[in-house]
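Undergrad: What follows is input-v8.txt; its format and atoms are compact mmCIF, C-alpha atoms.
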# COMPACT_ATOMS: atom_id res chain seq x y z
CA MET A 242 20.50 -24.35 7.02
CA ALA A 243 23.10 -23.75 4.28
CA PRO A 244 23.90 -20.08 3.52
CA ALA A 245 22.66 -20.34 -0.08
CA THR A 246 19.35 -21.83 1.00
CA ARG A 247 18.96 -19.16 3.68
CA VAL A 248 19.54 -16.50 1.02
CA VAL A 249 16.85 -18.05 -1.15
CA ARG A 250 14.24 -18.17 1.57
CA ALA A 251 15.02 -14.65 2.69
CA LEU A 252 14.94 -12.90 -0.65
CA TRP A 253 11.67 -14.18 -2.04
CA THR A 254 9.59 -14.75 1.10
CA GLY A 255 8.52 -12.40 3.82
CA GLY A 256 7.43 -11.46 7.11
CA CYS A 257 -6.38 -11.33 13.94
CA ALA A 258 -8.03 -9.72 16.30
CA LEU A 259 -9.97 -6.68 15.14
CA ALA A 260 -9.93 -3.39 16.99
CA TRP A 261 -11.55 -0.04 16.40
CA ARG A 262 -10.39 3.23 17.89
CA LEU A 263 -13.39 5.35 18.72
CA GLY A 264 -12.96 9.01 18.02
CA GLY A 265 -12.94 11.35 20.95
CA ARG A 266 -11.52 14.50 19.39
CA PRO A 267 -13.80 17.45 18.60
CA GLN A 268 -15.19 17.26 15.08
CA PRO A 269 -15.13 20.32 12.78
CA LEU A 270 -18.46 21.98 12.27
CA LEU A 271 -19.74 22.59 8.77
CA PRO A 272 -20.46 26.22 7.91
CA THR A 273 -24.12 27.19 8.29
CA GLN A 274 -26.07 29.75 6.33
CA SER A 275 -28.04 32.42 8.18
CA ARG A 276 -31.51 33.17 6.94
CA ALA A 277 -30.63 36.85 7.36
CA GLY A 278 -28.39 36.58 4.36
CA PHE A 279 -31.34 35.73 2.11
CA ALA A 280 -34.23 37.70 3.62
CA GLY A 281 -34.87 41.39 3.03
CA ALA A 282 -35.15 43.90 5.88
CA ALA A 283 -38.64 44.30 7.34
CA GLY A 284 -40.59 47.45 6.56
CA GLY A 285 -40.31 49.90 3.71
CA GLN A 286 -41.27 49.36 0.15
CA GLY A 287 -37.91 49.02 -1.62
CA PRO A 288 -37.29 48.74 -5.36
CA VAL A 289 -38.51 45.16 -5.69
CA ALA A 290 -41.86 46.00 -4.10
CA ALA A 291 -42.19 48.96 -6.43
CA ALA A 292 -41.41 46.79 -9.39
CA ARG A 293 -44.04 44.28 -8.23
CA LYS A 294 -46.65 47.00 -8.53
CA GLY A 295 -45.37 48.42 -11.77
CA SER A 296 -44.18 45.51 -13.86
CA PRO A 297 -44.47 41.70 -13.21
CA ARG A 298 -42.02 41.02 -16.07
CA LEU A 299 -39.44 43.32 -14.55
CA LEU A 300 -39.96 41.60 -11.20
CA GLY A 301 -39.43 38.16 -12.74
CA ALA A 302 -36.29 39.25 -14.54
CA ALA A 303 -34.90 40.87 -11.40
CA ALA A 304 -35.65 37.80 -9.30
CA LEU A 305 -34.08 35.52 -11.90
CA ALA A 306 -30.98 37.67 -12.06
CA LEU A 307 -30.73 37.86 -8.29
CA GLY A 308 -31.23 34.12 -7.89
CA GLY A 309 -28.68 33.35 -10.60
CA ALA A 310 -26.14 35.68 -9.04
CA LEU A 311 -26.65 34.15 -5.61
CA GLY A 312 -26.36 30.66 -7.06
CA LEU A 313 -23.12 31.47 -8.83
CA TYR A 314 -21.77 33.17 -5.73
CA HIS A 315 -22.47 30.22 -3.44
CA THR A 316 -21.27 27.68 -6.01
CA ALA A 317 -17.99 29.55 -6.38
CA ARG A 318 -17.74 29.98 -2.61
CA TRP A 319 -18.15 26.27 -1.90
CA HIS A 320 -15.84 25.31 -4.77
CA LEU A 321 -13.12 27.53 -3.33
CA ARG A 322 -13.82 26.18 0.15
CA ALA A 323 -13.42 22.59 -1.12
CA GLN A 324 -10.10 23.55 -2.69
CA ASP A 325 -9.01 25.18 0.57
CA LEU A 326 -9.94 22.06 2.56
CA HIS A 327 -8.03 19.84 0.11
CA ALA A 328 -5.03 22.14 0.33
CA GLU A 329 -5.27 22.16 4.14
CA ARG A 330 -5.33 18.35 4.26
CA SER A 331 -2.37 18.14 1.85
CA ALA A 332 -0.47 20.68 3.95
CA VAL A 333 -1.23 18.71 7.12
CA GLN A 334 0.02 15.48 5.53
CA LEU A 335 3.14 17.25 4.24
CA SER A 336 3.78 18.66 7.71
CA LEU A 337 3.37 15.24 9.31
CA SER A 338 5.58 13.47 6.77
CA SER A 339 8.30 16.11 7.12
CA ARG A 340 8.54 15.29 10.83
CA LEU A 341 9.55 11.70 10.10
CA GLN A 342 13.01 10.50 9.19
CA LEU A 343 12.50 7.02 7.73
CA THR A 344 15.06 4.28 7.17
CA LEU A 345 13.99 1.11 5.39
CA TYR A 346 16.04 -2.07 5.92
CA GLN A 347 15.32 -4.38 3.02
CA TYR A 348 16.24 -6.90 0.37
CA LYS A 349 15.43 -5.20 -2.92
CA THR A 350 13.99 -8.36 -4.47
CA CYS A 351 11.75 -9.19 -1.49
CA PRO A 352 8.05 -8.71 -2.41
CA PHE A 353 7.17 -7.54 1.10
CA CYS A 354 9.87 -4.86 0.92
CA SER A 355 8.64 -3.87 -2.52
CA LYS A 356 5.14 -3.37 -1.07
CA VAL A 357 6.51 -0.91 1.48
CA ARG A 358 8.48 1.03 -1.14
CA ALA A 359 5.38 1.31 -3.32
CA PHE A 360 3.47 2.79 -0.38
CA LEU A 361 6.24 5.22 0.60
CA ASP A 362 6.76 6.39 -2.97
CA PHE A 363 3.05 6.87 -3.70
CA HIS A 364 2.66 8.96 -0.54
CA ALA A 365 5.85 10.91 -1.37
CA LEU A 366 7.47 10.02 1.95
CA PRO A 367 11.26 10.51 1.85
CA TYR A 368 13.26 7.56 3.14
CA GLN A 369 16.74 6.10 3.23
CA VAL A 370 17.34 2.52 2.10
CA VAL A 371 19.75 0.14 3.80
CA GLU A 372 20.28 -3.00 1.72
CA VAL A 373 20.73 -5.95 4.05
CA ASN A 374 23.24 -8.69 3.34
CA PRO A 375 21.04 -11.82 3.33
CA VAL A 376 23.81 -14.07 4.66
CA ARG A 377 25.29 -12.08 7.54
CA ARG A 378 22.41 -9.63 8.11
CA ALA A 379 24.79 -7.42 10.08
CA GLU A 380 22.78 -4.35 9.10
CA ILE A 381 19.89 -5.43 11.33
CA LYS A 382 21.92 -6.74 14.27
CA PHE A 383 20.28 -4.01 16.38
CA SER A 384 16.95 -5.83 16.05
CA SER A 385 15.67 -8.97 17.74
CA TYR A 386 13.19 -9.20 14.86
CA ARG A 387 15.28 -10.78 12.12
CA LYS A 388 13.11 -10.43 9.04
CA VAL A 389 12.82 -7.61 6.55
CA PRO A 390 11.35 -5.17 5.93
CA ILE A 391 12.10 -3.20 9.06
CA LEU A 392 11.33 0.51 9.12
CA VAL A 393 12.93 2.82 11.68
CA ALA A 394 11.02 6.09 12.08
CA GLN A 395 12.68 9.00 13.85
CA GLU A 396 10.17 11.59 15.06
CA GLY A 397 11.92 14.31 17.03
CA GLU A 398 13.69 12.65 19.93
CA SER A 399 11.61 9.50 19.60
CA SER A 400 12.66 6.53 17.46
CA GLN A 401 10.22 3.73 16.62
CA GLN A 402 10.91 0.38 14.96
CA LEU A 403 8.09 -0.97 12.79
CA ASN A 404 8.15 -4.62 11.73
CA ASP A 405 6.10 -6.48 9.08
CA SER A 406 5.20 -4.88 5.76
CA SER A 407 1.46 -4.66 6.40
CA VAL A 408 1.96 -3.19 9.88
CA ILE A 409 4.36 -0.60 8.47
CA ILE A 410 1.85 0.43 5.82
CA SER A 411 -1.18 0.51 8.14
CA ALA A 412 0.65 2.40 10.88
CA LEU A 413 2.05 5.06 8.55
CA LYS A 414 -1.27 5.55 6.77
CA THR A 415 -2.99 5.93 10.15
CA TYR A 416 -0.35 8.48 11.12
CA LEU A 417 -0.79 10.51 7.93
CA VAL A 418 -4.58 10.65 8.25
CA SER A 419 -5.04 11.03 12.00
CA GLY A 420 -1.87 12.77 13.16
CA GLN A 421 -1.68 10.55 16.24
CA PRO A 422 1.81 10.00 17.67
CA LEU A 423 3.48 7.10 15.93
CA GLU A 424 4.55 5.76 19.30
CA GLU A 425 0.89 5.35 20.22
CA ILE A 426 -0.18 3.98 16.83
CA ILE A 427 2.20 1.02 16.88
CA THR A 428 0.62 -0.22 20.11
CA TYR A 429 -2.52 -0.98 18.09
CA TYR A 430 -0.60 -3.71 16.22
CA PRO A 431 0.65 -6.11 18.92
CA ALA A 432 3.14 -8.86 18.10
CA MET A 433 1.84 -12.35 18.86
CA LYS A 434 3.66 -15.69 18.84
CA ALA A 435 2.03 -18.52 16.92
CA VAL A 436 2.92 -21.93 15.47
CA ASN A 437 2.53 -22.37 11.71
CA ASP A 438 1.51 -25.46 9.74
CA GLN A 439 5.09 -26.74 9.77
CA GLY A 440 5.24 -26.55 13.58
CA LYS A 441 7.57 -23.55 13.53
CA GLU A 442 7.06 -20.64 15.89
CA VAL A 443 6.35 -17.43 14.00
CA THR A 444 5.50 -13.85 14.93
CA GLU A 445 2.17 -12.49 13.77
CA PHE A 446 0.71 -9.03 14.28
CA GLY A 447 -2.82 -8.21 15.35
CA ASN A 448 -5.01 -5.81 13.36
CA LYS A 449 -2.39 -5.38 10.65
CA TYR A 450 -4.83 -4.66 7.83
CA TRP A 451 -6.76 -2.07 9.84
CA LEU A 452 -6.29 1.68 9.77
CA MET A 453 -6.95 2.92 13.30
CA LEU A 454 -9.19 5.86 12.47
CA ASN A 455 -12.27 7.37 14.01
CA GLU A 456 -15.41 7.70 11.94
CA LYS A 457 -14.66 11.17 10.63
CA GLU A 458 -11.13 10.21 9.63
CA ALA A 459 -12.31 7.02 7.95
CA GLN A 460 -14.66 9.07 5.78
CA GLN A 461 -11.64 10.95 4.43
CA VAL A 462 -10.13 7.69 3.20
CA TYR A 463 -13.07 5.45 2.27
CA SER A 464 -16.30 6.02 0.37
CA GLY A 465 -18.06 3.60 2.73
CA LYS A 466 -17.68 0.52 4.89
CA GLU A 467 -17.71 -1.74 1.83
CA ALA A 468 -14.66 0.03 0.40
CA ARG A 469 -12.79 -0.44 3.67
CA THR A 470 -13.68 -4.13 3.88
CA GLU A 471 -12.71 -4.65 0.24
CA GLU A 472 -9.31 -3.04 0.71
CA MET A 473 -8.54 -5.18 3.77
CA LYS A 474 -9.65 -8.38 2.03
CA TRP A 475 -7.36 -7.88 -0.96
CA ARG A 476 -4.40 -6.70 1.08
CA GLN A 477 -4.59 -9.99 2.96
CA TRP A 478 -5.03 -11.88 -0.32
CA ALA A 479 -1.77 -10.36 -1.57
CA ASP A 480 0.04 -11.60 1.56
CA ASP A 481 -1.63 -14.99 1.93
CA TRP A 482 -1.82 -16.08 -1.70
CA LEU A 483 -0.21 -13.87 -4.32
CA VAL A 484 3.20 -13.74 -2.62
CA HIS A 485 3.39 -17.54 -2.55
CA LEU A 486 3.10 -17.70 -6.35
CA ILE A 487 6.31 -15.74 -6.90
CA SER A 488 8.99 -18.29 -5.98
CA PRO A 489 7.48 -21.28 -7.84
CA ASN A 490 7.25 -19.13 -10.96
CA VAL A 491 10.62 -17.39 -10.95
CA TYR A 492 12.40 -20.71 -10.16
CA ARG A 493 10.17 -22.86 -12.36
CA THR A 494 13.01 -24.25 -14.50
CA PRO A 495 16.81 -24.42 -14.00
CA THR A 496 17.25 -21.67 -16.60
CA GLU A 497 14.73 -19.39 -14.89
CA ALA A 498 16.24 -20.11 -11.47
CA LEU A 499 19.70 -19.11 -12.71
CA ALA A 500 18.32 -15.92 -14.30
CA SER A 501 16.51 -15.07 -11.07
CA PHE A 502 19.64 -15.45 -8.97
CA ASP A 503 21.68 -13.47 -11.44
CA TYR A 504 19.14 -10.66 -10.86
CA ILE A 505 19.23 -11.15 -7.06
CA VAL A 506 23.02 -10.99 -6.91
CA ARG A 507 23.11 -7.97 -9.21
CA GLU A 508 20.55 -6.01 -7.17
CA GLY A 509 21.45 -7.27 -3.70
CA LYS A 510 24.33 -6.67 -1.33
CA PHE A 511 26.88 -9.47 -1.78
CA GLY A 512 30.62 -9.81 -1.70
CA ALA A 513 32.28 -11.25 -4.82
CA MET A 514 32.58 -14.78 -3.41
CA GLU A 515 29.15 -14.65 -1.76
CA GLY A 516 27.61 -13.56 -5.04
CA ALA A 517 29.13 -16.43 -7.00
CA VAL A 518 28.03 -18.98 -4.39
CA ALA A 519 24.55 -17.50 -4.15
CA LYS A 520 24.08 -17.40 -7.91
CA TYR A 521 24.89 -21.03 -8.68
CA MET A 522 24.26 -22.90 -5.46
CA GLY A 523 21.25 -20.76 -4.63
CA ALA A 524 19.71 -21.27 -8.06
CA ALA A 525 20.12 -25.05 -7.80
CA ALA A 526 18.75 -25.15 -4.25
CA MET A 527 15.79 -22.96 -5.04
CA TYR A 528 14.85 -24.91 -8.13
CA LEU A 529 14.45 -27.97 -5.89
CA ILE A 530 12.75 -26.05 -3.08
CA SER A 531 10.25 -24.52 -5.52
CA LYS A 532 8.94 -28.02 -6.21
CA ARG A 533 8.19 -28.44 -2.50
CA LEU A 534 6.53 -25.04 -2.42
CA LYS A 535 4.35 -26.04 -5.33
CA SER A 536 3.18 -29.10 -3.42
CA ARG A 537 2.71 -27.21 -0.13
CA HIS A 538 0.49 -24.59 -1.74
CA ARG A 539 -1.26 -27.15 -3.95
CA LEU A 540 -0.37 -25.42 -7.17
CA GLN A 541 -1.01 -26.79 -10.65
CA ASP A 542 1.67 -28.70 -12.54
CA ASN A 543 2.13 -25.61 -14.69
CA VAL A 544 2.49 -22.98 -11.98
CA ARG A 545 2.10 -20.20 -14.55
CA GLU A 546 -1.60 -21.06 -14.67
CA ASP A 547 -1.97 -20.23 -10.97
CA LEU A 548 -0.21 -16.91 -11.52
CA TYR A 549 -2.42 -16.10 -14.50
CA GLU A 550 -5.58 -17.00 -12.59
CA ALA A 551 -4.53 -14.81 -9.67
CA ALA A 552 -3.87 -11.85 -11.95
CA ASP A 553 -7.21 -12.16 -13.74
CA THR A 554 -9.00 -12.65 -10.41
CA TRP A 555 -7.53 -9.35 -9.27
CA VAL A 556 -8.46 -7.58 -12.52
CA ALA A 557 -12.04 -8.86 -12.19
CA ALA A 558 -12.19 -7.57 -8.60
CA VAL A 559 -11.08 -4.11 -9.73
CA GLY A 560 -13.70 -4.21 -12.48
CA LYS A 561 -14.13 -2.21 -15.68
CA ASP A 562 -15.77 0.87 -14.18
CA ARG A 563 -12.83 2.18 -12.15
CA PRO A 564 -9.13 2.53 -12.94
CA PHE A 565 -8.06 1.26 -9.51
CA MET A 566 -9.64 -0.67 -6.67
CA GLY A 567 -9.37 2.62 -4.79
CA GLY A 568 -11.43 4.39 -7.47
CA GLN A 569 -9.64 7.31 -9.08
CA LYS A 570 -6.40 6.65 -7.24
CA PRO A 571 -4.67 3.51 -5.93
CA ASN A 572 -5.63 2.34 -2.46
CA LEU A 573 -3.54 0.16 -0.16
CA ALA A 574 -4.69 -3.01 -1.92
CA ASP A 575 -3.61 -1.64 -5.33
CA LEU A 576 -0.20 -0.75 -3.93
CA ALA A 577 0.20 -4.15 -2.24
CA VAL A 578 -0.60 -6.18 -5.36
CA TYR A 579 1.59 -3.94 -7.51
CA GLY A 580 4.46 -4.18 -5.04
CA VAL A 581 4.34 -7.99 -4.97
CA LEU A 582 4.28 -8.34 -8.76
CA ARG A 583 6.96 -5.71 -9.36
CA VAL A 584 9.78 -7.94 -8.03
CA MET A 585 9.42 -10.16 -11.10
CA GLU A 586 10.15 -7.36 -13.57
CA GLY A 587 12.89 -8.35 -16.01
CA LEU A 588 12.20 -12.08 -15.61
CA ASP A 589 10.36 -14.48 -17.90
CA ALA A 590 7.55 -14.92 -15.37
CA PHE A 591 6.76 -11.20 -15.52
CA ASP A 592 6.80 -11.08 -19.31
CA ASP A 593 4.50 -14.09 -19.50
CA LEU A 594 2.17 -12.53 -16.94
CA MET A 595 1.82 -9.34 -18.97
CA GLN A 596 1.27 -11.30 -22.19
CA HIS A 597 -1.22 -13.90 -21.02
CA THR A 598 -3.47 -11.94 -18.65
CA HIS A 599 -5.43 -8.68 -18.62
CA ILE A 600 -3.41 -7.09 -15.84
CA GLN A 601 -1.02 -4.90 -17.83
CA PRO A 602 -3.26 -1.77 -18.20
CA TRP A 603 -3.94 -1.68 -14.45
CA TYR A 604 -0.26 -2.35 -13.66
CA LEU A 605 0.90 0.52 -15.87
CA ARG A 606 -1.67 2.87 -14.33
CA VAL A 607 -0.35 2.15 -10.83
CA GLU A 608 3.23 2.53 -12.02
CA ARG A 609 2.37 5.91 -13.54
CA ALA A 610 0.53 7.07 -10.39
CA ILE A 611 3.57 6.22 -8.23
CA THR A 612 5.99 7.91 -10.63
CA GLU A 613 3.89 11.09 -10.73
CA ALA A 614 3.58 11.16 -6.94
CA SER A 615 7.27 10.61 -6.23
CA PRO A 616 9.49 10.96 -9.31
CA ALA A 617 12.63 10.85 -7.15
CA HIS A 618 12.08 7.12 -6.52
Can you dump the structure from the file as structure tokens?

TA:
Amino acid sequence: MAPATRVVRALWTGGCALAWRLGGRPQPLLPTQSRAGFAGAAGGQGPVAAARKGSPRLLGAAALALGGALGLYHTARWHLRAQDLHAERSAVQLSLSSRLQLTLYQYKTCPFCSKVRAFLDFHALPYQVVEVNPVRRAEIKFSSYRKVPILVAQEGESSQQLNDSSVIISALKTYLVSGQPLEEIITYYPAMKAVNDQGKEVTEFGNKYWLMLNEKEAQQVYSGKEARTEEMKWRQWADDWLVHLISPNVYRTPTEALASFDYIVREGKFGAMEGAVAKYMGAAAMYLISKRLKSRHRLQDNVREDLYEAADTWVAAVGKDRPFMGGQKPNLADLAVYGVLRVMEGLDAFDDLMQHTHIQPWYLRVERAITEASPAH
């Protein structure tokens, strides 16, 4: 394969069995209220009994005041307890994330790499970026897995390599919620060899859309089983469908293909000669290849229509009654879809998408949520 064509395929394209980890750890007990806290001591006539004899109105007022005070006390107590629990969970996540030293090997314009960055930034996980030269790929010569993204996680003396964007996201989210050792978590996502539709051997990963949580942990993340199923469904949709609409749209015409490669060369890691070759030869090659991709994925003659339909399908799935698919904050599906679409920013395809669909308000909300969570990135 010619170097320019290999660059093209690498920069805009990426790279099950279901398992459930049953919880075996002790579960925290909810506080219980003793009846002794509400009942009076036996024997003796006390002030309330005296009031009962002397004045029913005084008794009613005293009871009302006592009940109101108790109600306010317990409301305030539980409100403070909820804040403490939230703070404890945040502190636990911060402690876990501070143990990890993360290095992301990527192509900046790769949608799968963009998905991972969106996740890391939203969860305020510090990481170093190594931009990989798409021709030589010397930066990942340590790895037998030759695609990006690759994430190397250093935890104490242990170093783990995580491959595949969805595995990276699922494994790290499982780690943040459960606190299990990352070394153990990655065994839940086994690599499997398969043959694709073109007869080429590929590596797939089992369970990659699952978070490996016990029931109690899952309740911290999801409002119910439907929310979990919905998130998994749309994460897979982003990988299996949305990603494949990017190349045919950014290379739709010779002019758009040249603009796309100008962006790739500007943002990527190229030498001067490599950049010039990639820009012109790559743009020409990818314009032709995009026509084959359109046929392979059975896209419409005007591939913009497929992109618009996908965006509006996503907006309809989110619905009008919640700002994100995750409710009041983005979930993993929100971050995946946002990450895929973000690589088109600055190109005609992105501008057309914002103008001709209803996705812009949701997109800007996710962008704002990520910025507020991790302004450094």

Undergrad: Have a look at atom CA of Lys466 of chain A and atom CA of Leu454 of chain A and let me know their distance in Å, one decimal.

TA: 12.6 Å

Undergrad: For each of A:Glu508, A:Asp547, A:Glu458, A:Asp575, take the minimum atom-to-atom distance to Leu486 of chain A, counting only C-alpha atoms, then give the residue where this is smallest.

TA: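 That would be A:Asp547, the residue with the smallest distance to Leu486 of chain A.
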
Undergrad: Considering only C-alpha atoms, can you say which of A:Met514, A:Leu413, A:Glu497, A:Ala459 comes closest to Gly587 of chain A?

TA: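 Of A:Met514, A:Leu413, A:Glu497, A:Ala459, the one nearest Gly587 of chain A, counting only C-alpha atoms, is A:Glu497.
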
Undergrad: Using all atoms listed in the file, which residues sit within 12 Å of Phe446 of chain A once same-chain residues fewer than 6 positions away are excluded, as a ChimeraX atom specification?

TA: /A:256-259,403-409,411-412,427-435

Undergrad: Using all atoms listed in the file, find the one residue out of A:Leu452, A:Met527, A:Ala500, A:Val443 that sits nearest to Ser488 of chain A.

TA: A:Met527

Undergrad: Using all atoms listed in the file, can you tell me which of A:Arg606, A:Arg507, A:Arg493, A:Lys382 comes closest to Lys532 of chain A?

TA: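 So, comparing all the options, the nearest one is A:Arg493.
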
Undergrad: Taking 5 positions as the minimum chain separation for residues in the same chain, which residues sit within 8 Å of Tyr416 of chain A when counting all atoms listed in the file? Answer as a list in words.

TA: Leu337, Gln421, Pro422, Leu423 and Ile426 of chain A

Undergrad: In Å, rounded to a single decimal, give me how far atom CA of Leu582 of chain A is from atom CA of Lys356 of chain A.

TA: 9.2 Å

Undergrad: Point out the residue among A:Asp438, A:Val389, A:Arg340, A:Thr496 with the least atom-to-atom distance to Leu588 of chain A, counting all atoms listed in the file.

TA: A:Thr496

Undergrad: Atom CA of Val581 of chain A and atom CA of Gly568 of chain A, how far apart in Å?

TA: 20.2 Å

Undergrad: Smallest atom-to-atom distance to Ile487 of chain A: which of A:Pro375, A:Gly580, A:Pro367, A:Pro390, using all atoms listed in the file?

TA: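 For Ile487 of chain A, the nearest of the given residues is A:Gly580.
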